[in-house]
Amino acid sequence: MSNFKNVQPLEDFNWDEFENGSNENESKEDLLKAYDETLNKVSEHQVVDGTVISVDKKEVVVNIGYKSDGVIPASEFRYNPDLKVGDTVEVYVENQEDKKGQLLLSHKKARLSKSWERVNAALDNEEVIQGFIKCRTKGGMIVDVFGIEAFLPGSQIDVHPIRDYDVFVNKTMEFKVVKINQEFRNVVVSHKALIEAELEAQKKEIIGKLEKGQILEGTVKNITSYGVFVDLGGVDGLIHITDLSWGRVSDPHEVVALDQKINVVILDFDDDKKRIALGLKQLTPHPWDALDANLQVGDHVKGKVVVIADYGAFVEIAQGVEGLIHVSEMSWSQHLRSAQEFMHVGDEVEAVILTLDRAERKMSLGIKQLKEDPWETIEVKYPIGSKHVARVRNFTNFGIFVELEEGVDGLIHISDLSWTKKVKHPSEFTQVGAEIDVLVLEIDKENRRLSLGHKQLEDNPWDTYETLYKAGTIHTGKITEIMDKGAVIALNEGGEGFATPKHLVKEDGSQAQLGDELPFKVIEFVKDTKRIILSHSRTFEDAKEEQKKATRKKAKKEETPAINNVAAGTTLGDIDALAELKAKMEKQ
C-alpha cells in the first residue's frame, strides 16, 4: 500500500521555470506550504499505521508518510521475530520532532492503547493469538500479549509435565486467552488449550482401539516410587513397579528414564479405559523358562540376597529367578532365630537346592547343608563321660539349657549342678551367656538333645560325709537360713544339715539366731536322700544326762558295804559314819 495516495499534481505548476531553475513567482512560504500538503497530517499522541522500511538488531525504521521516518527500538518487536520489511505496524506518535529533528514513535504504546480491547475480544472469540514468553515466574511464565504481561501457568504450557521451564524463555508461541480479571486487569493464557481438542479426538481414537495384549509404543512421562506413567499418544498408562522387570526393582529409575520411548503391552483397563495397566517385562521371556535344564535338587548355586524377613531370605540366582532360604535352613541349631542374624540384603551367598518346582516357579535353598550335621557323628565328638565347655543359653525352673556348638544343645538338670548346695533356681548358680564346664551323661540322638552334668566333674563328697557325720558325732556349724520348720546349718567340714526349732535351744534357754556358729550333734545321717539331721541342744543335754547316770551309779556302789554282824561289830564311830552317808545320799 502506498503512503502517498493523497498526493495530487499541481495544475498551475510552471514546468518552464522549473527547468530553467527559476521560480520567481513562488515565494518560499508557498513552496513549503505546497510541500507540507503532500505529506500526511500527523498529530502527536495519536496511533497511526506505518510501513517497516528496515530492520536490524538494534532498531526498526518505520515510514508513516511524514517528512521523516521514525525509529523504534527493536526490543519492542521481540514478541514478533518474523517482522520484515514491508510489514504494516501500528505506532504511537510521541513527538513530531525531537531536538535532533527526529520523528519519535513507539510501537509498544500503540499496542497498549488498544490491547485491553483486543485481549477481551480474543477471550470472547476464542481467538488464537501470538505471545512472547519474557521470563519465568513462580508457578509459570510471563507472556507479552498485545503489550500486556499475561500469566502462563506451568500446567498450561503443554499436555506433558514440564521439567525445564527455561527452554521456553524468549520464545514466541500461540496462545488462547482463558481467563481475565477485569478488576485487577490480570490475564491468563494457555498453550495447552490449543492442542487439547486435537488430543481429545486422538485420545478417543486410541481408546477405541485398545485391546488386552496389544503392544504399543509410548514415552515415559513420569517416574514414581510405585511405577512409571507412559504417554501412549494422549492416553496415559501405568507400568507398576512389579511389571517393569522379572527381577526385583527397588527404584524404577534403574529400568527406564524420563522421555524414553519404550514398547509396552496392555495388561488390563477399566470399563471407561481411563485406568490402563501396562507391562514391560511381559515383552521378554520369563527367566524361569531359560533356567538351566540340568539344574536339580542337591546342586550348589550362588546368588545375591534381594529381600530379607524374619522367616527367611530370598536369593536371586539369575535375573528374575529367586529361591527362599528359610531361617530353619540357615543353621543346624533348633533355636528360634531371625534371618537377619545370618545375612543381609546385598550379600553374595552360596546355597544348596532343596526343592525345585519349575511348573510353579518355586525353589527352596539351604546353607546349613554346606556344613556337616553335627548330630550325624555326635557319639564321636561328644561321647558319654567326656568333658566339655558349654555356653549358657537360657534357664528353666528345672535346669539350664546350654550350647556346646552351633546346632548341639544340652540340658543340665538342676539336681546335677551341685552335690551339696540346694539350688532353688539356676540363676543362683550361673548367668546367661556364661561358660560352664559339663560332663556328657546321656545322648538322645532322635530328639537331638544331650543330658549333661556339672557336679559330676567332682567326686561325690557324700561318700566322705558318710564316714564323717556318723550319728552321735559333734561338729561345728553356722546357721545360714532360718525357717518356720527349723534352720539350715553349714557344717565346717562341708555339707549342710538341718535342725528343728526344739534342737536350736541354747543352754541358757534362748533360741539360736541366724549367723550363730555353734556345736551340733548328728542325730541322723541318710546318704540316699542327702539328709543330715542336727541338734545343738543335745550337745549339752546329753552331757548332763551322762553325768547324772555316773553319779547314780557311784552312789549305788557306795551304799552297799559288807556287814556280817552289825549289832556285834558296830561301834560308836561306825554309827556316826553311817549317819553321815545317809545324810549325803539324801542330799544327793
# chains A, B, ... in the order shown; residues from 1 in each chain; ligands from 1

$ residues_around --residues "A:Thr224" --least-positions-apart "5" --cutoff "12 Å" --atoms "only C-alpha atoms" --output "short mmCIF file (atom, residue, chain, number, x, y, z; two decimals) with C-alpha atoms, in the first residue's frame"
data_model
loop_
_atom_site.label_atom_id
_atom_site.label_comp_id
_atom_site.auth_asym_id
_atom_site.auth_seq_id
_atom_site.Cartn_x
_atom_site.Cartn_y
_atom_site.Cartn_z
CA PHE A 229 3.49 -43.39 33.70
CA VAL A 230 3.68 -43.77 29.93
CA LEU A 238 0.84 -47.09 34.31
CA ILE A 239 3.54 -49.74 34.47
CA HIS A 240 3.53 -50.95 38.07
CA ILE A 241 6.99 -51.43 39.54
CA SER A 250 13.76 -51.11 44.16
CA ASP A 251 13.76 -47.92 42.06
CA PRO A 252 12.09 -47.59 38.60
CA HIS A 253 14.92 -45.25 37.53
CA GLU A 254 17.07 -48.41 37.34
CA VAL A 256 13.70 -46.51 32.46
CA ALA A 257 14.45 -42.79 32.05
CA LEU A 258 12.23 -39.76 31.50
#

$ closest_residue --among "A:Gly218, A:Gly407, A:Gly50, A:Gly497" --to "A:Trp375" --atoms "only C-alpha atoms"
A:Gly407

$ residues_around --residues "A:Lys274" --least-positions-apart "2" --cutoff "12 Å" --atoms "only C-alpha atoms" --output "PDB file with N, CA, C and O atoms, in the first residue's frame"
ATOM      1  N   LYS A 203      -7.171 -39.098  21.456  1.00  0.00           N
ATOM      2  CA  LYS A 203      -7.311 -39.983  22.621  1.00  0.00           C
ATOM      3  C   LYS A 203      -8.483 -40.946  22.437  1.00  0.00           C
ATOM      4  O   LYS A 203      -8.375 -42.144  22.708  1.00  0.00           O
ATOM      5  N   LYS A 204      -9.619 -40.416  21.944  1.00  0.00           N
ATOM      6  CA  LYS A 204     -10.797 -41.263  21.724  1.00  0.00           C
ATOM      7  C   LYS A 204     -10.514 -42.346  20.700  1.00  0.00           C
ATOM      8  O   LYS A 204     -10.950 -43.485  20.832  1.00  0.00           O
ATOM      9  N   ILE A 206      -7.545 -43.668  20.069  1.00  0.00           N
ATOM     10  CA  ILE A 206      -6.649 -44.666  20.667  1.00  0.00           C
ATOM     11  C   ILE A 206      -7.419 -45.573  21.615  1.00  0.00           C
ATOM     12  O   ILE A 206      -7.289 -46.799  21.584  1.00  0.00           O
ATOM     13  N   ILE A 207      -8.249 -44.954  22.494  1.00  0.00           N
ATOM     14  CA  ILE A 207      -9.001 -45.742  23.471  1.00  0.00           C
ATOM     15  C   ILE A 207      -9.935 -46.729  22.783  1.00  0.00           C
ATOM     16  O   ILE A 207     -10.107 -47.867  23.232  1.00  0.00           O
ATOM     17  N   GLY A 208     -10.523 -46.296  21.690  1.00  0.00           N
ATOM     18  CA  GLY A 208     -11.453 -47.176  20.968  1.00  0.00           C
ATOM     19  C   GLY A 208     -10.782 -48.405  20.396  1.00  0.00           C
ATOM     20  O   GLY A 208     -11.442 -49.431  20.162  1.00  0.00           O
ATOM     21  N   LEU A 210      -8.068 -49.930  21.911  1.00  0.00           N
ATOM     22  CA  LEU A 210      -7.297 -50.651  22.925  1.00  0.00           C
ATOM     23  C   LEU A 210      -7.795 -52.076  23.104  1.00  0.00           C
ATOM     24  O   LEU A 210      -8.994 -52.330  23.188  1.00  0.00           O
ATOM     25  N   GLY A 234      -1.503 -39.258  24.031  1.00  0.00           N
ATOM     26  CA  GLY A 234      -2.682 -38.581  24.570  1.00  0.00           C
ATOM     27  C   GLY A 234      -3.382 -39.394  25.626  1.00  0.00           C
ATOM     28  O   GLY A 234      -4.232 -38.893  26.351  1.00  0.00           O
ATOM     29  N   VAL A 235      -3.052 -40.662  25.739  1.00  0.00           N
ATOM     30  CA  VAL A 235      -3.624 -41.552  26.750  1.00  0.00           C
ATOM     31  C   VAL A 235      -2.480 -42.034  27.635  1.00  0.00           C
ATOM     32  O   VAL A 235      -1.448 -42.489  27.134  1.00  0.00           O
ATOM     33  N   ASP A 236      -2.681 -41.933  28.936  1.00  0.00           N
ATOM     34  CA  ASP A 236      -1.648 -42.356  29.875  1.00  0.00           C
ATOM     35  C   ASP A 236      -1.937 -43.743  30.424  1.00  0.00           C
ATOM     36  O   ASP A 236      -3.091 -44.093  30.707  1.00  0.00           O
ATOM     37  N   GLY A 237      -0.894 -44.523  30.595  1.00  0.00           N
ATOM     38  CA  GLY A 237      -0.981 -45.843  31.227  1.00  0.00           C
ATOM     39  C   GLY A 237       0.092 -45.963  32.291  1.00  0.00           C
ATOM     40  O   GLY A 237       1.081 -45.215  32.288  1.00  0.00           O
ATOM     41  N   LEU A 238      -0.099 -46.899  33.205  1.00  0.00           N
ATOM     42  CA  LEU A 238       0.844 -47.090  34.306  1.00  0.00           C
ATOM     43  C   LEU A 238       1.481 -48.468  34.241  1.00  0.00           C
ATOM     44  O   LEU A 238       0.782 -49.482  34.149  1.00  0.00           O
ATOM     45  N   ASP A 268      -4.345 -54.632  31.231  1.00  0.00           N
ATOM     46  CA  ASP A 268      -5.735 -54.536  31.674  1.00  0.00           C
ATOM     47  C   ASP A 268      -6.165 -53.066  31.639  1.00  0.00           C
ATOM     48  O   ASP A 268      -5.335 -52.162  31.557  1.00  0.00           O
ATOM     49  N   PHE A 269      -7.483 -52.833  31.661  1.00  0.00           N
ATOM     50  CA  PHE A 269      -8.018 -51.483  31.780  1.00  0.00           C
ATOM     51  C   PHE A 269      -9.437 -51.569  32.318  1.00  0.00           C
ATOM     52  O   PHE A 269     -10.080 -52.620  32.266  1.00  0.00           O
ATOM     53  N   ASP A 270      -9.918 -50.442  32.875  1.00  0.00           N
ATOM     54  CA  ASP A 270     -11.276 -50.433  33.428  1.00  0.00           C
ATOM     55  C   ASP A 270     -12.286 -50.217  32.309  1.00  0.00           C
ATOM     56  O   ASP A 270     -11.936 -50.083  31.134  1.00  0.00           O
ATOM     57  N   ASP A 271     -13.570 -50.191  32.677  1.00  0.00           N
ATOM     58  CA  ASP A 271     -14.634 -50.088  31.671  1.00  0.00           C
ATOM     59  C   ASP A 271     -14.525 -48.813  30.851  1.00  0.00           C
ATOM     60  O   ASP A 271     -14.792 -48.811  29.645  1.00  0.00           O
ATOM     61  N   ASP A 272     -14.147 -47.711  31.499  1.00  0.00           N
ATOM     62  CA  ASP A 272     -14.025 -46.433  30.789  1.00  0.00           C
ATOM     63  C   ASP A 272     -12.674 -46.282  30.108  1.00  0.00           C
ATOM     64  O   ASP A 272     -12.427 -45.273  29.431  1.00  0.00           O
ATOM     65  N   ILE A 276      -5.317 -47.614  32.686  1.00  0.00           N
ATOM     66  CA  ILE A 276      -4.727 -48.620  31.798  1.00  0.00           C
ATOM     67  C   ILE A 276      -3.475 -49.177  32.455  1.00  0.00           C
ATOM     68  O   ILE A 276      -2.550 -48.431  32.781  1.00  0.00           O
ATOM     69  N   ALA A 277      -3.465 -50.498  32.654  1.00  0.00           N
ATOM     70  CA  ALA A 277      -2.306 -51.169  33.255  1.00  0.00           C
ATOM     71  C   ALA A 277      -1.413 -51.688  32.138  1.00  0.00           C
ATOM     72  O   ALA A 277      -1.870 -52.418  31.247  1.00  0.00           O
TER      73      ALA A 277
END

$ residues_around --residues "A:Gln369" --least-positions-apart "2" --cutoff "9 Å" --atoms "only C-alpha atoms" --output "MDAnalysis selection string"
chainID A and resid 329:332 351:352 366:367 371:373

$ atom_distance --atom1 "atom CA of A:Val91" --atom2 "atom CA of A:Gly65"
12.4 Å

$ atom_distance --atom1 "atom CA of A:Ser338" --atom2 "atom CA of A:Asp310"
4.7 Å

$ select_by_dssp --residues "stretch 354-431 of chain A" --states "alpha helix (DSSP H)" --output "short mmCIF file (atom, residue, chain, number, x, y, z; two decimals) with N, CA, C and O atoms, in the first residue's frame"
data_model
loop_
_atom_site.label_atom_id
_atom_site.label_comp_id
_atom_site.auth_asym_id
_atom_site.auth_seq_id
_atom_site.Cartn_x
_atom_site.Cartn_y
_atom_site.Cartn_z
N ILE A 378 27.52 -87.59 66.46
CA ILE A 378 27.54 -86.98 67.79
C ILE A 378 28.31 -87.82 68.80
O ILE A 378 28.97 -87.31 69.70
N GLU A 379 28.23 -89.17 68.67
CA GLU A 379 28.91 -90.05 69.64
C GLU A 379 30.43 -89.94 69.56
O GLU A 379 31.13 -90.25 70.52
N VAL A 380 30.91 -89.51 68.37
CA VAL A 380 32.36 -89.43 68.19
C VAL A 380 32.92 -88.20 68.90
O VAL A 380 33.91 -88.29 69.62
N LYS A 381 32.28 -87.07 68.70
CA LYS A 381 32.79 -85.83 69.28
C LYS A 381 32.37 -85.64 70.73
O LYS A 381 33.09 -85.02 71.51
#
